[in-house]
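Chemist: Can you keep this structure in mind? I'll have questions shortly.
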Amino acid sequence: MSQRAFGAATLLDTKDPMGLRTSAPLLDAWIRDMETDRSPFQIPGHKGRNDLTGSVVDGDIPVLPGNHPHRISPSLILEAEALAAKLWGADLCRFGVNGSSGSNHAAVMAVAGPGDKVIVSRTLHKSVLVGLVYAGVTPIWIRPEINPATGLPEYLPSTRLAETLKAHPDAKAVLIGEPSYVGTMSNIPRLAKVTHEYGIPLVVDAAWAAHFGFHPELPNHPLAEGADIVVTSAHKTLPSYSQASFVLVRGEYVDLPRFNKMFDSTQTTSMSGRILASIDAARALLERHGEELIGPVIDATEKGRATLRAAGIDVIDGEYIDPLKMVILFGSIGSDGNRVEADLLAANIDVEMANRDMIIPMITFADTPDRIEDLIGRIIESANRHRGEPRPVQTAASFSIEPEVVVTPREAFFSDYEVVDSAHSVGRVSAEMICPYPPGVPVLSPGERITQAALDALFQARDSGVRIAFVADPTLKTLKVLPN
Ligand SMILES: Cc1ncc(COP(=O)(O)O)c(C=O)c1O
């Protein structure tokens with residue numbers, strides 16, 4: 001039985017609609033493998049047959065273990081990564097198949113190790129926190145400003161970072177997330193300048209910003225703004241496969257061989273060639289057609305925001321946001337975002353995030369102006385139907401807690417624990433990470449003191465329908481705490 005005997009025909013119909021393969025070596029190799037009748041005696045075990053488990057395995061080409069020119073192999077991956085590094089002006093680029101999660105783990109371990117301190121934005125994703133556990137570092141938390149009108153994070157003031165660095169001059173790195181989950185941006189050049197005064201790197205989790213810099217109306221890419229390590233999910237804002245991520249690194253403040261070692265330790269040894277080829281394809285697409293593809297979607301998103309505002313519905317807007325981010329707020333009209341989401345789901349429309357107070361339909365340049373207009377119309381119709389009493393602005397739990405670190409995340413993560421009734425947990429030290437998800441920003445992280453404020457915020461999130469993730473008891477009746 002030869003490989004690619006089944007399924008290949010359908011996939012190959014659309015193999016390269018934009019003519020990218022001539023400048024995308026991994027995409028080219030993937031297509032060539034798909035077109036070739038091979039007899040694989042290697043993993044994956046499906047051997048290219050889809051008469052066993054079905055078309056779920058179509059197009060799943062592995063990475064060959066040795067170096068082979070023109071096949072998906074380590075040498076060709078290096079070639080594709082070098083093209084990406086050149087495009088973004090980096091000294092090093094690495095493609096990953098474990099999302100920005102794996103890339104964040106690598107980034108933390110690349111800049112700090114056991115016993116070190118790092119300054120970390122508390123609005124960062126839980127994968128950074130897991131990176132802190134892996135690296136065994138102590139976080140010095142720093143909070144962005146919260147916009148009082150929305151209760152959402154806005155930007156990290158460089159003066160606050162300067163004060164924190166002054167208080168912790170031995171910190172090994174500064175880790176921030178830009179743009180935030182709601183699309184708001186800090187002034188990265190200022191933060192980079194302050195960070196570099198201490199001779200340490202600025203690491204930016206830019207999971208949502210792979211498209212930045214490819215249209216005049218988009219913010220610059222964080223690397224171009226002075227960041228030293230930029231982690232990105234290609235699968236979020238670019239048309240790449242799920243799990244696709246890449247990291248861009250500049251070597252002035254980062255030890256590149258150490259970065260490579262850490263990155264390799266976070267990736268499977270059986271990478272999916274298809275995921276990697278999809279990163280290469282997205283890079284070539286951005287390079288050749290980014291601006292012309294992004295422009296109409298920015299216009300349609302802007303128009304969508306104006307239509308929502310005209311209907312009396314608040315949206316996040318302004319100069320310092322990602323123009324493709326659509327964050328719709330329901331507090332002032334008293335609608336419930338969960339109900340709006342339910343209406344959309346009933347029409348087979350999925351959104352990135354919804355809770356009582358807001359909804360985020362994720363927009364990328366794979367959307368069309370028509371689809372965006374239709375979506376906005378449906379949201380307005382549904383929100384109007386569910387109108388209620390206006391609610392005061394409330395800052396979400398993830399953005400409001402002032403953590404007290406008692407022991408390092410790693411110590412608490414691997415510690416023995418007790419299970420206690422949450423009503424009796426105040427004052428104890430959390431043994432687990434507790435995140436309303438999305439956005440996946442921890443309210444309590446391992447090693448932090450449990451306060452009444454944290455509990456109240458978590459109960460409020462739970463009661464308003466938010467999933468409480470990564471916790472042993474998602475009802476929050478009990479919590480895992482460190483022994484006294
Ligand atoms: C800010 C941020 N960083 C990292 C991640 C993890 O990304 P991935 O899902 O690609 O692992 C997410 C996921 O939503 C995120 O929002």
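Ligands are numbered from 1 in the order shown, chains are lettered A, B, ... in the order of the structure tokens, and residues start at 1 in each chain.
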Write out, as a tab-separated table, each residue of chain A that has an atom at most 10 Å from ligand 1, together with the closest pair of atoms and their distance in Å to one decimal, counting only C-alpha atoms and all ligand atoms, rows going by chain and rising number.

Modeler:
```
residue	atom	partner	partner_atom_place_in_ligand_line	distance
A:Gly96	CA	ligand 1	10 (O)	9.6
A:Val97	CA	ligand 1	10 (O)	8.8
A:Asn98	CA	ligand 1	11 (O)	6.1
A:Gly99	CA	ligand 1	10 (O)	3.3
A:Ser100	CA	ligand 1	10 (O)	3.8
A:Ser101	CA	ligand 1	11 (O)	3.6
A:Gly102	CA	ligand 1	11 (O)	6.5
A:Ser103	CA	ligand 1	11 (O)	7.8
A:Asn104	CA	ligand 1	4 (C)	7.0
A:His105	CA	ligand 1	4 (C)	9.9
A:Thr123	CA	ligand 1	1 (C)	8.4
A:Leu124	CA	ligand 1	1 (C)	6.0
A:His125	CA	ligand 1	2 (C)	4.8
A:Lys126	CA	ligand 1	4 (C)	7.5
A:Ser127	CA	ligand 1	4 (C)	6.2
A:Val128	CA	ligand 1	4 (C)	7.5
A:Ile176	CA	ligand 1	1 (C)	9.3
A:Gly177	CA	ligand 1	1 (C)	6.0
A:Glu178	CA	ligand 1	1 (C)	7.6
A:Pro179	CA	ligand 1	1 (C)	7.8
A:Ser180	CA	ligand 1	1 (C)	6.6
A:Tyr181	CA	ligand 1	16 (O)	5.9
A:Val182	CA	ligand 1	16 (O)	9.5
A:Val204	CA	ligand 1	1 (C)	9.5
A:Asp205	CA	ligand 1	3 (N)	5.7
A:Ala206	CA	ligand 1	1 (C)	6.6
A:Ala207	CA	ligand 1	3 (N)	4.8
A:Trp208	CA	ligand 1	1 (C)	6.7
A:Ala209	CA	ligand 1	1 (C)	9.5
A:Val231	CA	ligand 1	4 (C)	8.0
A:Thr232	CA	ligand 1	10 (O)	7.4
A:Ser233	CA	ligand 1	10 (O)	4.7
A:Ala234	CA	ligand 1	10 (O)	7.7
A:His235	CA	ligand 1	10 (O)	6.8
A:Lys236	CA	ligand 1	10 (O)	7.0
A:Ser242	CA	ligand 1	10 (O)	7.8
A:Gln243	CA	ligand 1	10 (O)	5.6
A:Ala244	CA	ligand 1	10 (O)	6.9
A:Ser245	CA	ligand 1	10 (O)	6.3
A:Phe246	CA	ligand 1	10 (O)	9.5
A:Glu352	CA	ligand 1	14 (O)	9.4
A:Tyr437	CA	ligand 1	14 (O)	9.1
A:Pro438	CA	ligand 1	14 (O)	7.4
A:Pro439	CA	ligand 1	16 (O)	6.3
A:Gly440	CA	ligand 1	16 (O)	6.9
A:Val441	CA	ligand 1	16 (O)	8.4
```

Chemist: So that I can see what lies close to Ser422 in chain A, please list as a tab-separated table (two decimals) with N, CA and C atoms, in the first residue's frame the residues with an atom at most 7 Å from it, counting only C-alpha atoms and leaving out residues fewer than 5 positions away in the same chain.

Modeler:
```
chain	number	residue	atom	x	y	z
A	476	LEU	N	-15.17	24.92	42.90
A	476	LEU	CA	-14.51	25.74	43.92
A	476	LEU	C	-15.04	25.49	45.34
A	477	LYS	N	-15.73	24.36	45.52
A	477	LYS	CA	-16.16	24.03	46.90
A	477	LYS	C	-14.93	23.74	47.75
A	478	THR	N	-13.95	23.07	47.12
A	478	THR	CA	-12.71	22.77	47.83
A	478	THR	C	-11.52	23.32	47.06
A	479	LEU	N	-10.44	23.54	47.77
A	479	LEU	CA	-9.21	24.02	47.13
A	479	LEU	C	-8.04	23.20	47.66
```

Chemist: Identify, with DSSP run on backbone atoms, the residues in range 395-476 of chain A assigned to strand (DSSP E), and express the list as an NGL selection string.

Modeler: :A and (418-421 or 435-437 or 467-469)

Chemist: Quick one: pull the distance between CA of Glu302 in chain A and CA of Ile349 in chain A, Å, one decimal.

Modeler: 20.4 Å

Chemist: Kindly indicate which residue among A:Arg122, A:His424, A:Arg94, A:Arg305 lies nearest to Leu444 in chain A, using only C-alpha atoms for the distances.

Modeler: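 Closest to Leu444 in chain A, using only C-alpha atoms: A:Arg122.
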
Chemist: Just list as an MDAnalysis selection string whatever in range 74-268 of chain A DSSP marks as alpha helix (DSSP H).

Modeler: chainID A and resid 74:88 99:111 126:135 158:167 188:196 234:237 256:265

Chemist: Write out as a list in words which residues come within 12 Å of Asn384 in chain A when counting only C-alpha atoms, dropping same-chain ones fewer than 4 positions away.

Modeler: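 Result of the neighbour search: Leu308, Ala311, Gly312, Ile313, Phe330, Ser332, Ile333, Gly334, Ser335, Asp336, Gly337, Arg339, Val340, Asp343, Gly377, Arg378, Ile379, Ile380 and Gly388 of chain A.
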
Chemist: Can you pull out the residues contacting Ala354 in chain A? Cut-off 6 Å, using only C-alpha atoms, and skip same-chain residues under 2 positions away; I want them as JSON, numbers by chain.

Modeler: {"A": [337, 338, 358, 359]}

Chemist: Could you take the residues named above and write them with N, CA and C atoms, as a PDB file, in the first residue's frame?

Modeler:
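Writing the result to again-v2.pdb gives the following:
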```
ATOM      1  N   GLY A 337     -23.734  38.503  27.784  1.00  0.00           N
ATOM      2  CA  GLY A 337     -22.921  37.974  26.685  1.00  0.00           C
ATOM      3  C   GLY A 337     -23.076  36.471  26.514  1.00  0.00           C
ATOM      4  N   ASN A 338     -23.363  35.754  27.619  1.00  0.00           N
ATOM      5  CA  ASN A 338     -23.549  34.304  27.495  1.00  0.00           C
ATOM      6  C   ASN A 338     -24.777  33.986  26.651  1.00  0.00           C
ATOM      7  N   MET A 358     -18.945  40.591  28.243  1.00  0.00           N
ATOM      8  CA  MET A 358     -18.363  40.899  26.928  1.00  0.00           C
ATOM      9  C   MET A 358     -18.320  39.676  26.019  1.00  0.00           C
ATOM     10  N   ILE A 359     -18.094  39.984  24.768  1.00  0.00           N
ATOM     11  CA  ILE A 359     -17.961  38.907  23.795  1.00  0.00           C
ATOM     12  C   ILE A 359     -16.843  39.307  22.836  1.00  0.00           C
TER      13      ILE A 359
END
```
